[in-house]
Amino acid sequence: MKISSKNTSPQKQKAPEKRGQERLKFFAGLIRQALKNHSASDQIKAAILAYLGLGNRCEAMVASDVRLTHKAASCLAQWTDAKRQEFPDRKWYFVTILDDSFNTFDRSPILRIKAIETKVNNAIRKWGVQALMRFEIQAEHQYRKGHRLLMVHLHGLLWTDGEFV
């Protein structure tokens with residue numbers, strides 16, 4: 001058996017759950033900071049935090065919770081209507097972003113969330129718009145011999161006061 005001269009002591013790595021919790025905490029902080037600077041009422045800010053699972057006595061919003069999804073859609077519609085009145089020349093777009101590199105199979109699902117976020121963030125910057133995006137995963141039936149393709153994509157609301165490139 002050959003022994004390497006390199007230091008082979010394994011570095012302590014955090015469990016995926018711990019890393020995920022840290023990322024959620026980080027993004028929750030970013031969302032809270034963005035809401036502090038936002039002109040919405042305190043009631044709407046609290047509702048946004050609750051719908052995202054970040055406020056008091058709330059759970060994370062999942063697409064299967066139809067009642068909560070409808071309520072969130074209603075709040076978003078109220079917010080966009082208010083912004084349309086405040087900024088009448090602002091342009092609004094609804095987009096779906098998908099890429100073959102986002103897809104994976106149900107047998108060995110590997111979701112490259114960081115790579116997807118980077119690709120989407122770069123596109124949003126290139127377009128010169130502001131955005132509110134939401135991940136969605138859709139299973140395609142019987143893609144190949146018992147495997148199902150999981151199609152990862154994002155739906156989003158984009159807005160800009162300039163041109164959409």
# chains A, B, ... in the order shown; residues from 1 in each chain; ligands from 1
$ select_by_dssp --residues "stretch 13-160 of chain A" --states "strand (DSSP E)" --output "number ranges by chain"
A: 91-98, 104-105, 130-144, 147-160
$ write_last_selection --atoms "N, CA and C atoms" --output "mmCIF file, in the first residue's frame"
data_model
loop_
_atom_site.group_PDB
_atom_site.id
_atom_site.type_symbol
_atom_site.label_atom_id
_atom_site.label_comp_id
_atom_site.auth_asym_id
_atom_site.auth_seq_id
_atom_site.Cartn_x
_atom_site.Cartn_y
_atom_site.Cartn_z
ATOM 1 N N LYS A 91 -42.293 49.055 -16.601
ATOM 2 C CA LYS A 91 -42.691 47.924 -17.435
ATOM 3 C C LYS A 91 -42.599 46.647 -16.597
ATOM 4 N N TRP A 92 -43.593 45.786 -16.747
ATOM 5 C CA TRP A 92 -43.679 44.536 -15.980
ATOM 6 C C TRP A 92 -43.689 43.358 -16.938
ATOM 7 N N TYR A 93 -43.029 42.270 -16.535
ATOM 8 C CA TYR A 93 -42.960 41.067 -17.357
ATOM 9 C C TYR A 93 -43.118 39.843 -16.461
ATOM 10 N N PHE A 94 -43.775 38.826 -16.984
ATOM 11 C CA PHE A 94 -43.812 37.524 -16.321
ATOM 12 C C PHE A 94 -42.983 36.581 -17.171
ATOM 13 N N VAL A 95 -42.023 35.911 -16.548
ATOM 14 C CA VAL A 95 -41.131 35.035 -17.305
ATOM 15 C C VAL A 95 -41.030 33.662 -16.650
ATOM 16 N N THR A 96 -40.678 32.703 -17.459
ATOM 17 C CA THR A 96 -40.291 31.382 -16.982
ATOM 18 C C THR A 96 -38.886 31.139 -17.508
ATOM 19 N N ILE A 97 -37.988 30.793 -16.606
ATOM 20 C CA ILE A 97 -36.597 30.539 -16.979
ATOM 21 C C ILE A 97 -36.325 29.052 -16.797
ATOM 22 N N LEU A 98 -35.886 28.419 -17.879
ATOM 23 C CA LEU A 98 -35.502 27.017 -17.791
ATOM 24 C C LEU A 98 -34.294 26.776 -18.666
ATOM 25 N N THR A 104 -32.765 17.039 -13.766
ATOM 26 C CA THR A 104 -32.147 15.879 -13.135
ATOM 27 C C THR A 104 -33.137 14.715 -13.210
ATOM 28 N N PHE A 105 -32.730 13.534 -12.776
ATOM 29 C CA PHE A 105 -33.609 12.370 -12.789
ATOM 30 C C PHE A 105 -34.023 12.004 -11.373
ATOM 31 N N GLN A 130 -35.289 44.254 -12.202
ATOM 32 C CA GLN A 130 -35.483 43.759 -10.847
ATOM 33 C C GLN A 130 -36.377 42.524 -10.978
ATOM 34 N N ALA A 131 -36.299 41.602 -10.033
ATOM 35 C CA ALA A 131 -37.060 40.368 -10.198
ATOM 36 C C ALA A 131 -37.464 39.756 -8.873
ATOM 37 N N LEU A 132 -38.556 39.044 -8.927
ATOM 38 C CA LEU A 132 -39.023 38.192 -7.840
ATOM 39 C C LEU A 132 -39.228 36.826 -8.478
ATOM 40 N N MET A 133 -38.409 35.846 -8.069
ATOM 41 C CA MET A 133 -38.409 34.539 -8.717
ATOM 42 C C MET A 133 -38.826 33.446 -7.741
ATOM 43 N N ARG A 134 -39.381 32.358 -8.288
ATOM 44 C CA ARG A 134 -39.776 31.209 -7.470
ATOM 45 C C ARG A 134 -39.410 29.919 -8.199
ATOM 46 N N PHE A 135 -38.727 29.020 -7.473
ATOM 47 C CA PHE A 135 -38.373 27.715 -8.028
ATOM 48 C C PHE A 135 -39.616 26.846 -8.174
ATOM 49 N N GLU A 136 -39.601 26.001 -9.189
ATOM 50 C CA GLU A 136 -40.634 24.982 -9.346
ATOM 51 C C GLU A 136 -39.967 23.739 -9.926
ATOM 52 N N ILE A 137 -40.406 22.596 -9.462
ATOM 53 C CA ILE A 137 -39.906 21.322 -9.991
ATOM 54 C C ILE A 137 -41.104 20.552 -10.521
ATOM 55 N N GLN A 138 -41.017 20.146 -11.768
ATOM 56 C CA GLN A 138 -42.104 19.408 -12.405
ATOM 57 C C GLN A 138 -41.580 18.064 -12.875
ATOM 58 N N ALA A 139 -42.269 17.012 -12.477
ATOM 59 C CA ALA A 139 -41.866 15.661 -12.884
ATOM 60 C C ALA A 139 -42.507 15.335 -14.228
ATOM 61 N N GLU A 140 -41.689 14.925 -15.170
ATOM 62 C CA GLU A 140 -42.183 14.484 -16.477
ATOM 63 C C GLU A 140 -42.422 12.982 -16.398
ATOM 64 N N HIS A 141 -43.526 12.517 -16.890
ATOM 65 C CA HIS A 141 -43.891 11.103 -16.768
ATOM 66 C C HIS A 141 -43.061 10.223 -17.690
ATOM 67 N N GLN A 142 -42.534 9.151 -17.109
ATOM 68 C CA GLN A 142 -41.840 8.090 -17.847
ATOM 69 C C GLN A 142 -40.928 8.637 -18.945
ATOM 70 N N TYR A 143 -39.885 9.320 -18.545
ATOM 71 C CA TYR A 143 -38.954 9.888 -19.509
ATOM 72 C C TYR A 143 -38.197 8.792 -20.254
ATOM 73 N N ARG A 144 -37.623 7.846 -19.496
ATOM 74 C CA ARG A 144 -36.847 6.774 -20.114
ATOM 75 C C ARG A 144 -36.835 5.559 -19.201
ATOM 76 N N HIS A 147 -37.476 5.868 -15.540
ATOM 77 C CA HIS A 147 -36.910 7.089 -14.960
ATOM 78 C C HIS A 147 -37.839 8.259 -15.262
ATOM 79 N N ARG A 148 -37.935 9.141 -14.306
ATOM 80 C CA ARG A 148 -38.698 10.366 -14.558
ATOM 81 C C ARG A 148 -37.732 11.548 -14.530
ATOM 82 N N LEU A 149 -37.874 12.403 -15.498
ATOM 83 C CA LEU A 149 -37.086 13.615 -15.565
ATOM 84 C C LEU A 149 -37.721 14.644 -14.627
ATOM 85 N N LEU A 150 -36.917 15.265 -13.792
ATOM 86 C CA LEU A 150 -37.380 16.354 -12.948
ATOM 87 C C LEU A 150 -36.925 17.655 -13.609
ATOM 88 N N MET A 151 -37.893 18.407 -14.102
ATOM 89 C CA MET A 151 -37.596 19.645 -14.806
ATOM 90 C C MET A 151 -37.638 20.803 -13.803
ATOM 91 N N VAL A 152 -36.488 21.361 -13.510
ATOM 92 C CA VAL A 152 -36.375 22.489 -12.595
ATOM 93 C C VAL A 152 -36.450 23.764 -13.415
ATOM 94 N N HIS A 153 -37.300 24.680 -12.991
ATOM 95 C CA HIS A 153 -37.408 25.961 -13.674
ATOM 96 C C HIS A 153 -37.851 27.022 -12.676
ATOM 97 N N LEU A 154 -37.823 28.252 -13.101
ATOM 98 C CA LEU A 154 -38.210 29.353 -12.234
ATOM 99 C C LEU A 154 -39.258 30.196 -12.938
ATOM 100 N N HIS A 155 -40.239 30.634 -12.167
ATOM 101 C CA HIS A 155 -41.218 31.591 -12.659
ATOM 102 C C HIS A 155 -40.892 32.907 -11.973
ATOM 103 N N GLY A 156 -41.095 34.001 -12.672
ATOM 104 C CA GLY A 156 -40.749 35.260 -12.041
ATOM 105 C C GLY A 156 -41.500 36.448 -12.586
ATOM 106 N N LEU A 157 -41.535 37.455 -11.759
ATOM 107 C CA LEU A 157 -42.096 38.743 -12.112
ATOM 108 C C LEU A 157 -40.914 39.694 -12.235
ATOM 109 N N LEU A 158 -40.743 40.275 -13.412
ATOM 110 C CA LEU A 158 -39.645 41.205 -13.656
ATOM 111 C C LEU A 158 -40.221 42.593 -13.846
ATOM 112 N N TRP A 159 -39.454 43.606 -13.442
ATOM 113 C CA TRP A 159 -39.874 44.974 -13.700
ATOM 114 C C TRP A 159 -38.655 45.850 -13.933
ATOM 115 N N THR A 160 -38.880 46.911 -14.701
ATOM 116 C CA THR A 160 -37.810 47.846 -15.003
ATOM 117 C C THR A 160 -38.400 49.186 -15.396
#
$ residues_around --residues "A:Phe87" --least-positions-apart "4" --cutoff "9 Å" --atoms "only C-alpha atoms" --output "list of chain:residue names"
A:Ala82, A:Lys83, A:Asp161
$ write_last_selection --atoms "N, CA, C and O atoms" --output "mmCIF file, in the first residue's frame"
data_model
loop_
_atom_site.group_PDB
_atom_site.id
_atom_site.type_symbol
_atom_site.label_atom_id
_atom_site.label_comp_id
_atom_site.auth_asym_id
_atom_site.auth_seq_id
_atom_site.Cartn_x
_atom_site.Cartn_y
_atom_site.Cartn_z
ATOM 1 N N ALA A 82 -50.242 48.643 -6.499
ATOM 2 C CA ALA A 82 -49.770 49.867 -5.841
ATOM 3 C C ALA A 82 -48.536 50.411 -6.564
ATOM 4 O O ALA A 82 -48.412 51.630 -6.770
ATOM 5 N N LYS A 83 -47.623 49.539 -6.951
ATOM 6 C CA LYS A 83 -46.409 49.974 -7.647
ATOM 7 C C LYS A 83 -46.733 50.499 -9.048
ATOM 8 O O LYS A 83 -46.085 51.430 -9.522
ATOM 9 N N ASP A 161 -37.665 50.241 -15.098
ATOM 10 C CA ASP A 161 -38.053 51.579 -15.549
ATOM 11 C C ASP A 161 -37.365 51.901 -16.873
ATOM 12 O O ASP A 161 -37.682 52.890 -17.504
#
$ residues_around --residues "stretch 122-128 of chain A" --least-positions-apart "3" --cutoff "9 Å" --atoms "only C-alpha atoms" --output "list in words"
Glu117, Thr118, Lys119, Ala131, Leu158, Thr160, Gly162, Glu163, Phe164 and Val165 of chain A
$ residues_around --residues "stretch 32-44 of chain A" --least-positions-apart "4" --cutoff "9 Å" --atoms "only C-alpha atoms" --output "PyMOL selection string"
chain A and resi 27-28+48-49+54+75+79
$ atom_distance --atom1 "atom CA of A:Lys45" --atom2 "atom CA of A:Ser64"
23.1 Å
$ closest_residue --among "A:Lys18, A:Arg23, A:Glu86, A:Asp65" --to "A:Lys114" --atoms "only C-alpha atoms"
A:Arg23
$ atom_distance --atom1 "atom CA of A:Ala46" --atom2 "atom CA of A:Gln21"
21.5 Å
